[in-house]
$ cat final11.txt   # compact mmCIF, C-alpha atoms
# COMPACT_ATOMS: atom_id res chain seq x y z
CA MET V 19 0.00 0.00 0.00
CA SER V 20 1.20 3.52 -0.79
CA SER V 21 2.24 5.77 2.05
CA PHE V 22 3.76 9.13 2.95
CA THR V 23 5.08 10.47 6.22
CA LEU V 24 3.23 13.18 8.17
CA ASP V 25 5.38 14.72 10.93
CA GLY V 26 7.44 11.53 10.82
CA GLN V 27 4.46 9.19 11.15
CA THR V 28 3.71 6.79 8.26
CA VAL V 29 0.28 7.40 6.73
CA THR V 30 -1.16 5.00 4.16
CA PHE V 31 -3.63 6.17 1.53
CA ASP V 32 -5.88 4.98 -1.28
CA ALA V 33 -5.26 6.23 -4.80
CA GLY V 34 -6.95 9.60 -5.36
CA GLN V 35 -7.02 10.65 -1.72
CA THR V 36 -5.71 14.05 -0.73
CA ILE V 37 -3.25 14.50 2.12
CA MET V 38 -6.14 15.83 4.24
CA GLN V 39 -8.33 12.79 3.52
CA ALA V 40 -5.52 10.35 4.30
CA ALA V 41 -4.68 12.23 7.52
CA LEU V 42 -8.31 12.22 8.66
CA ALA V 43 -8.61 8.50 7.91
CA ALA V 44 -5.51 7.97 10.06
CA GLY V 45 -6.97 10.07 12.88
CA ILE V 46 -4.46 12.90 12.50
CA TYR V 47 -5.74 16.46 12.89
CA ILE V 48 -4.69 19.11 10.39
CA PRO V 49 -6.24 22.54 11.18
CA ARG V 50 -8.82 23.58 8.58
CA LEU V 51 -11.89 25.79 8.15
CA CYS V 52 -13.04 25.55 4.52
CA TYR V 53 -12.79 21.75 4.25
CA HIS V 54 -15.79 19.45 4.67
CA PRO V 55 -15.51 15.72 3.94
CA ASP V 56 -18.79 15.69 1.96
CA LEU V 57 -17.92 18.60 -0.32
CA LYS V 58 -15.35 19.34 -3.00
CA PRO V 59 -12.26 21.00 -1.50
CA HIS V 60 -11.84 24.72 -2.09
CA GLY V 61 -8.31 25.31 -0.78
CA SER V 62 -9.04 28.90 0.23
CA CYS V 63 -8.72 29.25 4.00
CA LYS V 64 -5.07 28.10 3.93
CA LEU V 65 -5.31 26.86 7.53
CA CYS V 66 -4.47 23.35 6.29
CA THR V 67 -1.24 24.49 4.66
CA VAL V 68 1.46 21.89 5.19
CA LYS V 69 4.99 21.53 3.88
CA VAL V 70 5.21 18.86 1.20
CA ASN V 71 8.82 17.94 0.49
CA GLY V 72 9.73 21.37 1.90
CA ARG V 73 7.23 23.42 -0.11
CA GLN V 74 3.96 24.82 1.21
CA ALA V 75 0.72 23.38 -0.16
CA SER V 76 -2.94 23.11 0.88
CA SER V 77 -3.35 19.59 2.22
CA CYS V 78 -7.06 19.55 1.30
CA THR V 79 -6.28 19.87 -2.42
CA TYR V 80 -2.89 18.12 -2.64
CA GLN V 81 -3.07 14.53 -3.86
CA ALA V 82 -1.25 12.07 -1.64
CA GLN V 83 1.68 10.43 -3.36
CA ASP V 84 3.96 7.62 -2.36
CA GLY V 85 7.02 8.75 -0.41
CA LEU V 86 6.03 12.38 0.24
CA VAL V 87 7.51 13.97 3.34
CA VAL V 88 4.79 16.15 4.89
CA GLU V 89 5.17 18.49 7.87
CA SER V 90 2.11 19.91 9.59
CA ASN V 91 2.34 20.34 13.36
CA THR V 92 5.42 22.58 13.43
CA SER V 93 5.86 25.88 15.22
CA GLU V 94 6.54 27.62 11.91
CA LEU V 95 3.28 26.44 10.30
CA ASN V 96 1.26 26.90 13.48
CA ASP V 97 2.53 30.49 13.83
CA GLU V 98 1.34 31.20 10.28
CA ARG V 99 -2.01 29.50 10.94
CA ARG V 100 -2.45 31.61 14.08
CA ALA V 101 -1.80 34.78 12.04
CA LEU V 102 -4.46 33.70 9.51
CA LEU V 103 -6.93 33.14 12.36
CA GLN V 104 -6.11 36.54 13.86
CA MET V 105 -6.83 38.21 10.52
CA LEU V 106 -10.17 36.40 10.29
CA PHE V 107 -11.07 37.55 13.80
CA VAL V 108 -10.31 41.26 13.19
CA GLU V 109 -11.91 41.39 9.73
CA GLY V 110 -15.33 40.37 11.03
CA ASN V 111 -17.22 40.96 14.26
CA HIS V 112 -16.51 37.86 16.32
CA PHE V 113 -18.02 38.73 19.67
CA CYS V 114 -18.08 35.23 21.11
CA PRO V 115 -19.96 35.99 24.38
CA SER V 116 -23.10 36.89 22.41
CA CYS V 117 -22.81 34.26 19.67
CA GLU V 118 -25.18 31.29 19.56
CA ALA V 119 -22.45 29.23 17.90
CA SER V 120 -19.93 29.78 20.70
CA GLY V 121 -18.63 26.38 21.80
CA ASN V 122 -19.69 24.78 18.51
CA CYS V 123 -17.70 27.20 16.34
CA GLN V 124 -14.80 25.78 14.37
CA LEU V 125 -13.11 29.18 14.05
CA GLN V 126 -13.16 29.60 17.83
CA ALA V 127 -12.16 25.98 18.51
CA THR V 128 -9.30 26.17 16.03
CA ALA V 129 -8.12 29.38 17.69
CA TYR V 130 -8.21 27.59 21.06
CA GLU V 131 -6.26 24.70 19.59
CA LEU V 132 -3.61 27.02 18.17
CA GLN V 133 -3.36 29.03 21.41
CA MET V 134 -4.62 32.32 19.98
CA MET V 135 -4.52 34.50 23.11
CA THR V 136 -5.19 37.75 21.22
CA PRO V 137 -6.36 38.88 17.77
CA HIS V 138 -3.14 40.97 17.66
CA TYR V 139 -4.14 43.16 14.70
CA ASP V 140 -6.33 46.29 14.67
CA HIS V 141 -10.04 45.48 14.42
CA PHE V 142 -12.07 46.50 11.37
CA TYR V 143 -15.47 46.53 13.14
CA PRO V 144 -17.33 46.27 9.81
CA ASP V 145 -21.02 47.12 9.54
CA ARG V 146 -22.82 43.99 8.35
CA PRO V 147 -26.60 44.00 8.85
CA LEU V 148 -28.36 40.72 9.62
CA ASP V 149 -30.87 38.95 7.40
CA ALA V 150 -33.72 37.71 9.60
CA SER V 151 -36.22 37.49 6.74
CA HIS V 152 -36.49 33.68 6.65
CA PRO V 153 -39.05 32.18 9.06
CA ASP V 154 -36.71 29.46 10.36
CA TYR V 155 -33.15 30.67 9.75
CA LEU V 156 -31.13 33.78 10.55
CA LEU V 157 -28.05 35.00 8.69
CA ASP V 158 -25.51 36.91 10.78
CA PHE V 159 -22.91 38.04 8.27
CA ASN V 160 -20.74 39.55 11.03
CA ARG V 161 -19.15 36.15 11.51
CA CYS V 162 -18.68 35.09 7.90
CA ILE V 163 -15.14 33.89 7.13
CA LEU V 164 -15.81 33.31 3.40
CA CYS V 165 -15.10 29.57 3.60
CA SER V 166 -17.74 29.02 0.87
CA LEU V 167 -19.03 25.79 2.45
CA CYS V 168 -22.66 27.00 2.26
CA ILE V 169 -22.11 28.00 -1.37
CA ARG V 170 -20.72 24.58 -2.32
CA ALA V 171 -23.36 22.70 -0.33
CA SER V 172 -26.23 24.68 -1.86
CA ARG V 173 -24.87 24.42 -5.39
CA ASP V 174 -23.42 20.90 -5.44
CA VAL V 175 -25.66 19.00 -3.02
CA ASP V 176 -28.94 20.91 -2.76
CA GLY V 177 -28.92 22.11 -6.39
CA LYS V 178 -30.27 25.49 -5.30
CA ASN V 179 -27.44 28.02 -5.59
CA VAL V 180 -28.74 30.05 -2.65
CA PHE V 181 -25.40 31.61 -1.71
CA ALA V 182 -22.52 33.27 -3.56
CA LEU V 183 -19.45 35.37 -2.91
CA SER V 184 -19.52 38.88 -4.35
CA GLY V 185 -16.85 41.57 -4.59
CA ARG V 186 -13.09 41.24 -4.75
CA GLY V 187 -10.23 41.21 -2.26
CA ILE V 188 -11.03 42.82 1.07
CA ASN V 189 -14.53 43.66 -0.25
CA THR V 190 -15.44 40.01 -0.79
CA HIS V 191 -18.68 39.18 1.00
CA LEU V 192 -21.37 36.52 1.14
CA ILE V 193 -24.60 37.31 -0.70
CA VAL V 194 -27.96 35.60 -1.07
CA ASN V 195 -29.02 34.77 -4.60
CA ALA V 196 -32.39 36.54 -4.81
CA ALA V 197 -33.45 39.80 -6.46
CA SER V 198 -34.23 41.19 -3.01
CA GLY V 199 -31.02 39.78 -1.52
CA GLN V 200 -33.17 38.25 1.25
CA LEU V 201 -33.00 34.62 2.34
CA ALA V 202 -36.82 34.47 2.54
CA ASP V 203 -36.98 34.96 -1.23
CA THR V 204 -34.92 31.85 -2.01
CA GLY V 205 -35.78 28.16 -1.86
CA PHE V 206 -33.57 27.74 1.24
CA SER V 207 -34.87 25.28 3.83
CA GLY V 208 -33.68 23.62 7.03
CA ASP V 209 -33.44 20.30 5.15
CA ASP V 210 -30.71 21.71 2.91
CA LYS V 211 -27.14 20.59 3.32
CA ALA V 212 -26.27 24.29 3.26
CA ALA V 213 -28.17 24.78 6.53
CA HIS V 214 -25.75 22.49 8.36
CA VAL V 215 -22.23 23.19 7.14
CA CYS V 216 -21.46 26.70 8.44
CA PRO V 217 -18.31 26.36 10.58
CA VAL V 218 -19.06 29.62 12.41
CA GLY V 219 -22.25 31.39 13.51
CA VAL V 220 -23.62 32.82 10.25
CA ILE V 221 -26.41 30.36 9.37
CA LEU V 222 -28.41 29.95 12.56
CA LYS V 223 -31.62 28.03 13.19
CA LYS V 224 -34.09 30.27 14.94
CA ARG V 225 -35.58 29.44 18.36
CA SER V 226 -32.91 26.87 19.25
CA GLY V 227 -29.75 28.83 19.97
CA PHE V 228 -29.34 28.20 23.66
CA ARG V 229 -30.89 24.74 24.07
CA VAL V 230 -27.42 23.51 24.95
CA PRO V 231 -25.90 25.96 27.45
CA ILE V 232 -22.50 27.55 26.92
CA GLY V 233 -19.92 25.38 28.65
CA LYS V 234 -21.55 22.09 27.55
CA ARG V 235 -21.09 22.37 23.79
CA SER V 236 -19.00 20.30 21.35
CA TYR V 237 -15.66 22.04 21.79
CA ASP V 238 -16.22 22.74 25.49
CA ILE V 239 -16.22 18.97 25.93
CA ARG V 240 -13.29 18.07 23.69
CA SER V 241 -10.77 20.07 21.70
CA ILE V 242 -11.18 20.25 17.92
CA GLY V 243 -7.81 18.55 17.46
CA ASP V 244 -8.88 15.62 19.56
CA LEU V 245 -10.42 13.39 16.88
CA ALA V 246 -12.34 10.74 18.76
CA GLU V 247 -11.31 7.98 16.38
CA PRO V 248 -9.66 7.57 12.98
CA GLY V 249 -11.92 8.54 10.14
CA GLU V 250 -13.97 11.02 12.12
CA SER V 251 -14.22 14.34 10.38
CA MET U 21 16.87 33.30 54.80
CA THR U 22 14.71 36.32 53.98
CA ALA U 23 11.78 36.00 51.63
CA PRO U 24 12.29 37.53 48.16
CA PRO U 25 10.69 40.97 47.77
CA LYS U 26 7.05 40.78 46.82
CA LEU U 27 6.04 41.68 43.29
CA LYS U 28 3.72 44.64 42.97
CA ILE U 29 0.44 44.27 41.08
CA ALA U 30 -1.88 47.07 40.00
CA THR U 31 -5.35 46.39 38.63
CA THR U 32 -8.06 48.48 37.03
CA SER U 33 -11.27 48.22 35.05
CA LEU U 34 -11.61 50.55 32.06
CA ALA U 35 -14.67 50.01 29.82
CA GLY U 36 -15.44 46.76 31.63
CA CYS U 37 -18.05 45.43 34.03
CA PHE U 38 -15.73 44.32 36.87
CA GLY U 39 -16.59 40.74 35.97
CA CYS U 40 -12.88 39.98 35.44
CA HIS U 41 -12.12 41.41 38.90
CA MET U 42 -14.86 39.17 40.32
CA SER U 43 -13.19 36.25 38.55
CA LEU U 44 -9.84 37.26 40.09
CA LEU U 45 -11.50 37.15 43.52
CA ASP U 46 -12.92 33.74 42.57
CA ILE U 47 -9.46 32.22 43.01
CA ASP U 48 -10.80 32.12 46.59
CA GLU U 49 -8.38 30.80 49.22
CA ARG U 50 -5.58 30.81 46.65
CA LEU U 51 -5.59 34.59 47.26
CA PHE U 52 -3.60 33.78 50.43
CA ASP U 53 -0.96 31.99 48.36
CA LEU U 54 -0.92 34.89 45.92
CA LEU U 55 -0.47 37.42 48.72
CA GLU U 56 2.66 35.55 49.82
CA LEU U 57 4.17 36.49 46.47
CA VAL U 58 2.61 39.85 45.57
CA GLU U 59 1.22 43.02 47.05
CA PHE U 60 -1.44 45.17 45.46
CA ASP U 61 -0.73 48.76 44.42
CA ARG U 62 -3.41 50.79 42.58
CA SER U 63 -6.55 48.67 42.45
CA PRO U 64 -10.25 48.84 43.31
CA LEU U 65 -9.27 46.31 46.01
CA THR U 66 -6.93 48.80 47.77
CA ASP U 67 -8.57 52.06 46.67
CA ILE U 68 -5.10 53.47 45.88
CA LYS U 69 -5.81 56.08 43.20
CA HIS U 70 -2.54 56.16 41.26
CA CYS U 71 -0.05 53.59 40.16
CA GLY U 72 3.50 53.48 41.52
CA ALA U 73 6.26 51.43 39.94
CA CYS U 74 4.77 47.95 39.52
CA ASP U 75 5.76 44.58 38.14
CA ILE U 76 2.38 43.55 36.78
CA GLY U 77 -0.61 45.58 35.56
CA PHE U 78 -3.89 43.67 35.27
CA ILE U 79 -6.39 45.54 33.11
CA GLU U 80 -9.95 44.57 32.29
CA GLY U 81 -12.17 46.47 29.87
CA GLY U 82 -11.44 48.24 26.60
CA VAL U 83 -10.88 51.92 25.94
CA CYS U 84 -14.10 53.89 25.40
CA ASN U 85 -13.33 57.38 26.72
CA ALA U 86 -10.51 59.87 27.32
CA GLU U 87 -10.05 58.86 30.96
CA ASN U 88 -9.52 55.23 29.92
CA VAL U 89 -6.65 56.38 27.70
CA HIS U 90 -5.01 58.31 30.57
CA VAL U 91 -5.34 55.40 33.00
CA LEU U 92 -4.04 52.90 30.43
CA ARG U 93 -1.02 55.10 29.71
CA GLU U 94 -0.36 55.49 33.45
CA PHE U 95 -0.36 51.70 33.77
CA ARG U 96 1.94 51.27 30.76
CA ALA U 97 4.36 53.87 32.11
CA ASN U 98 4.53 52.19 35.54
CA CYS U 99 4.11 48.45 34.95
CA ARG U 100 6.84 46.17 33.68
CA ILE U 101 4.29 43.64 32.42
CA LEU U 102 0.80 44.58 31.25
CA ILE U 103 -1.88 41.91 31.01
CA ALA U 104 -5.11 42.49 29.05
CA VAL U 105 -7.78 40.51 30.88
CA GLY U 106 -11.06 39.46 29.30
CA ALA U 107 -12.94 39.95 26.04
CA CYS U 108 -13.36 43.74 26.34
CA ALA U 109 -9.65 44.37 26.93
CA ILE U 110 -8.75 42.04 24.07
CA ASN U 111 -11.29 42.88 21.36
CA GLY U 112 -13.46 45.70 22.75
CA GLY U 113 -16.15 43.25 23.81
CA LEU U 114 -19.68 44.41 24.55
CA PRO U 115 -18.94 48.18 24.56
CA ALA U 116 -17.42 47.81 21.07
CA GLN U 117 -20.78 46.64 19.76
CA ARG U 118 -21.47 50.36 19.24
CA ASN U 119 -18.57 50.69 16.82
CA HIS U 120 -20.64 50.35 13.64
CA LEU U 121 -22.83 53.26 14.76
CA SER U 122 -21.84 56.92 14.80
CA LEU U 123 -21.35 58.39 18.27
CA PRO U 124 -23.66 61.40 17.64
CA SER U 125 -26.47 59.08 16.51
CA ILE U 126 -26.08 57.00 19.69
CA LEU U 127 -26.12 60.04 22.02
CA GLU U 128 -29.06 61.47 20.09
CA GLU U 129 -31.08 58.29 20.45
CA VAL U 130 -30.21 57.67 24.10
CA TYR U 131 -30.75 61.24 25.36
CA HIS U 132 -33.19 62.81 22.88
CA THR U 133 -35.36 60.50 20.85
CA SER U 134 -35.82 57.27 22.81
CA ILE U 135 -39.14 56.76 24.54
CA GLY U 136 -39.70 57.42 28.25
CA LEU U 137 -37.26 60.33 28.65
CA ALA U 138 -38.03 63.16 31.10
CA PRO U 139 -38.98 66.46 29.44
CA GLY U 140 -35.95 68.64 28.72
CA ASN U 141 -33.57 65.67 28.82
CA ALA U 142 -30.24 66.56 27.26
CA ILE U 143 -26.89 64.97 26.39
CA PRO U 144 -24.75 65.28 29.57
CA ASN U 145 -21.98 67.85 29.23
CA ASP U 146 -20.63 68.16 32.77
CA PRO U 147 -16.90 68.91 32.50
CA GLU U 148 -16.27 66.19 35.14
CA LEU U 149 -17.40 63.54 32.67
CA PRO U 150 -14.70 62.07 30.43
CA LEU U 151 -15.44 62.52 26.76
CA PRO U 152 -16.42 59.32 24.95
CA LEU U 153 -14.19 58.21 22.08
CA ASP U 154 -15.56 57.91 18.58
CA LYS U 155 -14.91 54.12 18.69
CA VAL U 156 -14.17 51.61 21.45
CA HIS U 157 -10.71 50.07 21.17
CA PRO U 158 -9.03 47.02 22.65
CA LEU U 159 -5.98 47.82 24.79
CA HIS U 160 -3.38 46.63 22.30
CA GLU U 161 -4.50 49.26 19.79
CA VAL U 162 -3.42 51.98 22.26
CA VAL U 163 -0.36 50.66 24.16
CA LYS U 164 1.86 47.60 23.98
CA ILE U 165 0.33 44.67 25.86
CA ASP U 166 2.54 41.82 27.01
CA TYR U 167 0.03 39.06 27.80
CA PHE U 168 -3.63 38.32 27.24
CA ILE U 169 -6.14 36.24 29.21
CA PRO U 170 -9.22 35.68 27.01
CA GLY U 171 -12.70 34.93 28.35
CA CYS U 172 -15.90 36.72 29.33
CA PRO U 173 -14.78 36.59 32.05
CA PRO U 174 -11.73 34.34 32.11
CA SER U 175 -12.27 31.66 34.74
CA ALA U 176 -10.52 31.99 38.10
CA ASP U 177 -8.45 28.95 37.09
CA ALA U 178 -7.36 30.65 33.86
CA ILE U 179 -6.33 33.81 35.75
CA TRP U 180 -4.54 31.71 38.37
CA LYS U 181 -2.70 29.73 35.68
CA VAL U 182 -1.48 32.84 33.85
CA LEU U 183 -0.44 34.65 37.04
CA ASN U 184 1.46 31.56 38.17
CA ASP U 185 3.14 31.17 34.79
CA ILE U 186 4.26 34.82 34.88
CA LEU U 187 5.38 34.67 38.53
CA ALA U 188 7.43 31.56 37.68
CA GLY U 189 8.94 33.25 34.63
CA ARG U 190 7.16 30.96 32.13
CA LYS U 191 5.34 32.02 28.97
CA PRO U 192 1.62 31.86 29.94
CA GLU U 193 -0.35 29.11 28.24
CA LEU U 194 -3.95 28.01 28.61
CA GLY U 195 -4.78 24.42 27.68
CA HIS U 196 -8.16 23.05 26.63
CA GLY U 197 -10.82 23.91 29.18
CA LEU U 198 -9.04 27.08 30.38
CA MET U 199 -8.99 28.82 26.99
CA HIS U 200 -12.41 30.39 26.39
CA TYR U 201 -13.60 33.42 24.44
CA ASP U 202 -17.16 33.21 25.84
$ encode --input "final11.txt" --output "structure tokens"
Amino acid sequence: MSSFTLDGQTVTFDAGQTIMQAALAAGIYIPRLCYHPDLKPHGSCKLCTVKVNGRQASSCTYQAQDGLVVESNTSELNDERRALLQMLFVEGNHFCPSCEASGNCQLQATAYELQMMTPHYDHFYPDRPLDASHPDYLLDFNRCILCSLCIRASRDVDGKNVFALSGRGINTHLIVNAASGQLADTGFSGDDKAAHVCPVGVILKKRSGFRVPIGKRSYDIRSIGDLAEPGES
Amino acid sequence: MTAPPKLKIATTSLAGCFGCHMSLLDIDERLFDLLELVEFDRSPLTDIKHCGACDIGFIEGGVCNAENVHVLREFRANCRILIAVGACAINGGLPAQRNHLSLPSILEEVYHTSIGLAPGNAIPNDPELPLPLDKVHPLHEVVKIDYFIPGCPPSADAIWKVLNDILAGRKPELGHGLMHYD
């Protein structure tokens, strides 16, 4: 069977698997925000950047090959990942104490895992109004990190194309694909894949936010890097 | 053998709610252990009004008015190590939720146009009151901060861990369970 080494550990893989997929199957955590095992990789958040034979690459898009030497959990890469997280935190409004997703948020949990004690940079404090038009779901764009998971889920799984990214560079933002720009005027529903892939607190089910109290949520119980068993995503 | 000189700690709350100070007090009987190693200078706990030369400054709350800036600079000028404690000190927190609104529009709504105001109500302009800043800022946007303890508030255990790390000369670290932003 083909294999590569990840931080010195031998990882076997099936033909066609990416480094990320092989690592997950082996129960090894590589930090990530825009990767979801059920969706096509996007390679945009760059949290999963590893060194492959000494050169940086996104592990979610890089095909595993026999004999590769991959480094992931190094202080150099983790310092760069922490800087990416800090930029995500200051570009949006991530006020965790008031966020329904706190404790279930992958951005927050990844920042815990990488020991982000401070956002370090100057905050942007952008003005991003909410969209509460839909009867069952709320969109809080303040927390969007542009991972595009909802876009890919809605387009590739739900076949609805409810979400899109608009603008360029620092002006890139998530939009809703309706003439009014309102979620209520799309075919979005709670049964959609797109309703369940947001890694942060943008797409929120109404009237259920605090059923599980803060302190008893997913990443309060275990750290995001603590994969319960090999193959768990 | 004489005991080593105690380290001096100053504490203050700027645009905060004193929740982080309550969490400091929540270290409970460990306060006795702490007081073997440190003594408090300027702090709401001592009621000393100005900071002398200190080893550690413990600051909760962000910077929302001119007085906050003066106090923060006094701490920076006098403390060898400054620690930003809690969400507000680190990212502005709750007070910073006004940052996407203009200050005049907020004052106008609070003191002129909101319902239930007494007749003749006006925006306060007593010279004793510090002027609000246009935006609320975390501490590190105003002075250099050496260490950060996240949380709203950080747990007593998190504060205890960081203080102990610093007192022992270690880089402060918070493992899973102690690191919280909420």
$ interface_residues --input "final11.txt" --of "chain V" --to "chain U" --cutoff "7 Å" --atoms "only C-alpha atoms" --output "list in words"
Phe113, Cys114, Pro115, Ser120, Tyr130, Met135, Thr136, Asp140, Tyr143, Pro144, Asp145, Asp238 and Ser241 of chain V
$ atom_distance --input "final11.txt" --atom1 "atom CA of Ala86 of chain U" --atom2 "atom CA of Ala142 of chain U"
20.8 Å
$ closest_residue --input "final11.txt" --among "V:Cys162, V:Ala40, V:Leu57, V:Val88" --to "Phe107 of chain V" --atoms "only C-alpha atoms"
V:Cys162
$ closest_residue --input "final11.txt" --among "U:Asp154, U:Asp185, U:Glu80, U:Asp61" --to "Cys37 of chain U" --atoms "only C-alpha atoms"
U:Glu80
$ closest_residue --input "final11.txt" --among "U:Asp67, U:Asp75, U:Glu94, U:Asp46" --to "Leu187 of chain U" --atoms "all atoms listed in the file"
U:Asp75
$ atom_distance --input "final11.txt" --atom1 "atom CA of Phe95 of chain U" --atom2 "atom CA of Ala178 of chain U"
22.2 Å
$ residues_around --input "final11.txt" --residues "Arg50 of chain V" --least-positions-apart "2" --cutoff "8 Å" --atoms "all atoms listed in the file" --output "VMD selection string"
chain V and resid 48 52 to 53 63 to 66 128
$ atom_distance --input "final11.txt" --atom1 "atom CA of Ala23 of chain U" --atom2 "atom CA of Glu56 of chain U"
9.3 Å
$ residues_around --input "final11.txt" --residues "segment 190-200 of chain V" --least-positions-apart "3" --cutoff "10 Å" --atoms "all atoms listed in the file" --output "list in words"
Arg146, Leu148, Asp149, Ala150, Ser151, His152, Leu157, Phe159, Cys162, Ile163, Leu164, Cys165, Ser166, Cys168, Ile169, Lys178, Asn179, Val180, Phe181, Ala182, Leu183, Ser184, Gly185, Arg186, Gly187, Asp203, Thr204, Gly205 and Phe206 of chain V
$ residues_near_point --input "final11.txt" --point "(-2.2, 11.3, 0.5)" --cutoff "9 Å" --atoms "only C-alpha atoms" --output "list in words"
Ser20, Ser21, Phe22, Val29, Thr30, Phe31, Asp32, Ala33, Gly34, Gln35, Thr36, Ile37, Met38, Gln39, Ala40, Ala41, Ser77, Tyr80, Gln81, Ala82, Gln83, Asp84 and Leu86 of chain V
$ residues_around --input "final11.txt" --residues "segment 90-98 of chain V" --least-positions-apart "4" --cutoff "7 Å" --atoms "all atoms listed in the file" --output "NGL selection string"
:V and (24-25 or 48 or 68-69 or 102 or 132)
$ closest_residue --input "final11.txt" --among "V:Ile242, V:Leu42, V:Leu103, V:Leu167" --to "Ala213 of chain V" --atoms "all atoms listed in the file"
V:Leu167
$ closest_residue --input "final11.txt" --among "V:Gly110, V:Gly26, V:Gly121, V:Gly61" --to "Val87 of chain V" --atoms "only C-alpha atoms"
V:Gly26
$ residues_around --input "final11.txt" --residues "segment 219-230 of chain V" --least-positions-apart "2" --cutoff "7 Å" --atoms "all atoms listed in the file" --output "list of chain:residue names"
V:Cys117, V:Glu118, V:Ala119, V:Cys123, V:Asp154, V:Tyr155, V:Leu156, V:Leu157, V:Asp158, V:Phe159, V:Arg161, V:Cys162, V:Ala213, V:Cys216, V:Ile232, V:Lys234, V:Arg235
$ build_atoms --input "final11.txt" --residues "segment 33-44 of chain V" --atoms "N, CA and C atoms" --output "PDB file, in the coordinates of the input"
ATOM      1  N   ALA V  33      -5.494   5.392  -3.625  1.00  0.00           N
ATOM      2  CA  ALA V  33      -5.260   6.230  -4.800  1.00  0.00           C
ATOM      3  C   ALA V  33      -6.359   7.282  -4.921  1.00  0.00           C
ATOM      4  N   GLY V  34      -5.974   8.523  -5.183  1.00  0.00           N
ATOM      5  CA  GLY V  34      -6.950   9.600  -5.360  1.00  0.00           C
ATOM      6  C   GLY V  34      -7.218  10.394  -4.108  1.00  0.00           C
ATOM      7  N   GLN V  35      -6.784   9.895  -2.950  1.00  0.00           N
ATOM      8  CA  GLN V  35      -7.020  10.650  -1.720  1.00  0.00           C
ATOM      9  C   GLN V  35      -6.079  11.850  -1.626  1.00  0.00           C
ATOM     10  N   THR V  36      -6.582  12.910  -1.009  1.00  0.00           N
ATOM     11  CA  THR V  36      -5.710  14.050  -0.730  1.00  0.00           C
ATOM     12  C   THR V  36      -4.960  13.770   0.581  1.00  0.00           C
ATOM     13  N   ILE V  37      -3.982  14.623   0.850  1.00  0.00           N
ATOM     14  CA  ILE V  37      -3.250  14.500   2.120  1.00  0.00           C
ATOM     15  C   ILE V  37      -4.221  14.644   3.284  1.00  0.00           C
ATOM     16  N   MET V  38      -5.157  15.606   3.174  1.00  0.00           N
ATOM     17  CA  MET V  38      -6.140  15.830   4.240  1.00  0.00           C
ATOM     18  C   MET V  38      -6.982  14.577   4.474  1.00  0.00           C
ATOM     19  N   GLN V  39      -7.478  13.977   3.374  1.00  0.00           N
ATOM     20  CA  GLN V  39      -8.330  12.790   3.520  1.00  0.00           C
ATOM     21  C   GLN V  39      -7.572  11.625   4.157  1.00  0.00           C
ATOM     22  N   ALA V  40      -6.323  11.452   3.746  1.00  0.00           N
ATOM     23  CA  ALA V  40      -5.520  10.350   4.300  1.00  0.00           C
ATOM     24  C   ALA V  40      -5.235  10.616   5.784  1.00  0.00           C
ATOM     25  N   ALA V  41      -4.965  11.890   6.128  1.00  0.00           N
ATOM     26  CA  ALA V  41      -4.680  12.230   7.520  1.00  0.00           C
ATOM     27  C   ALA V  41      -5.906  11.991   8.391  1.00  0.00           C
ATOM     28  N   LEU V  42      -7.071  12.423   7.902  1.00  0.00           N
ATOM     29  CA  LEU V  42      -8.310  12.220   8.660  1.00  0.00           C
ATOM     30  C   LEU V  42      -8.574  10.735   8.874  1.00  0.00           C
ATOM     31  N   ALA V  43      -8.375   9.944   7.798  1.00  0.00           N
ATOM     32  CA  ALA V  43      -8.610   8.500   7.910  1.00  0.00           C
ATOM     33  C   ALA V  43      -7.671   7.878   8.937  1.00  0.00           C
ATOM     34  N   ALA V  44      -6.486   8.487   9.101  1.00  0.00           N
ATOM     35  CA  ALA V  44      -5.510   7.970  10.060  1.00  0.00           C
ATOM     36  C   ALA V  44      -5.704   8.582  11.453  1.00  0.00           C
TER      37      ALA V  44
END
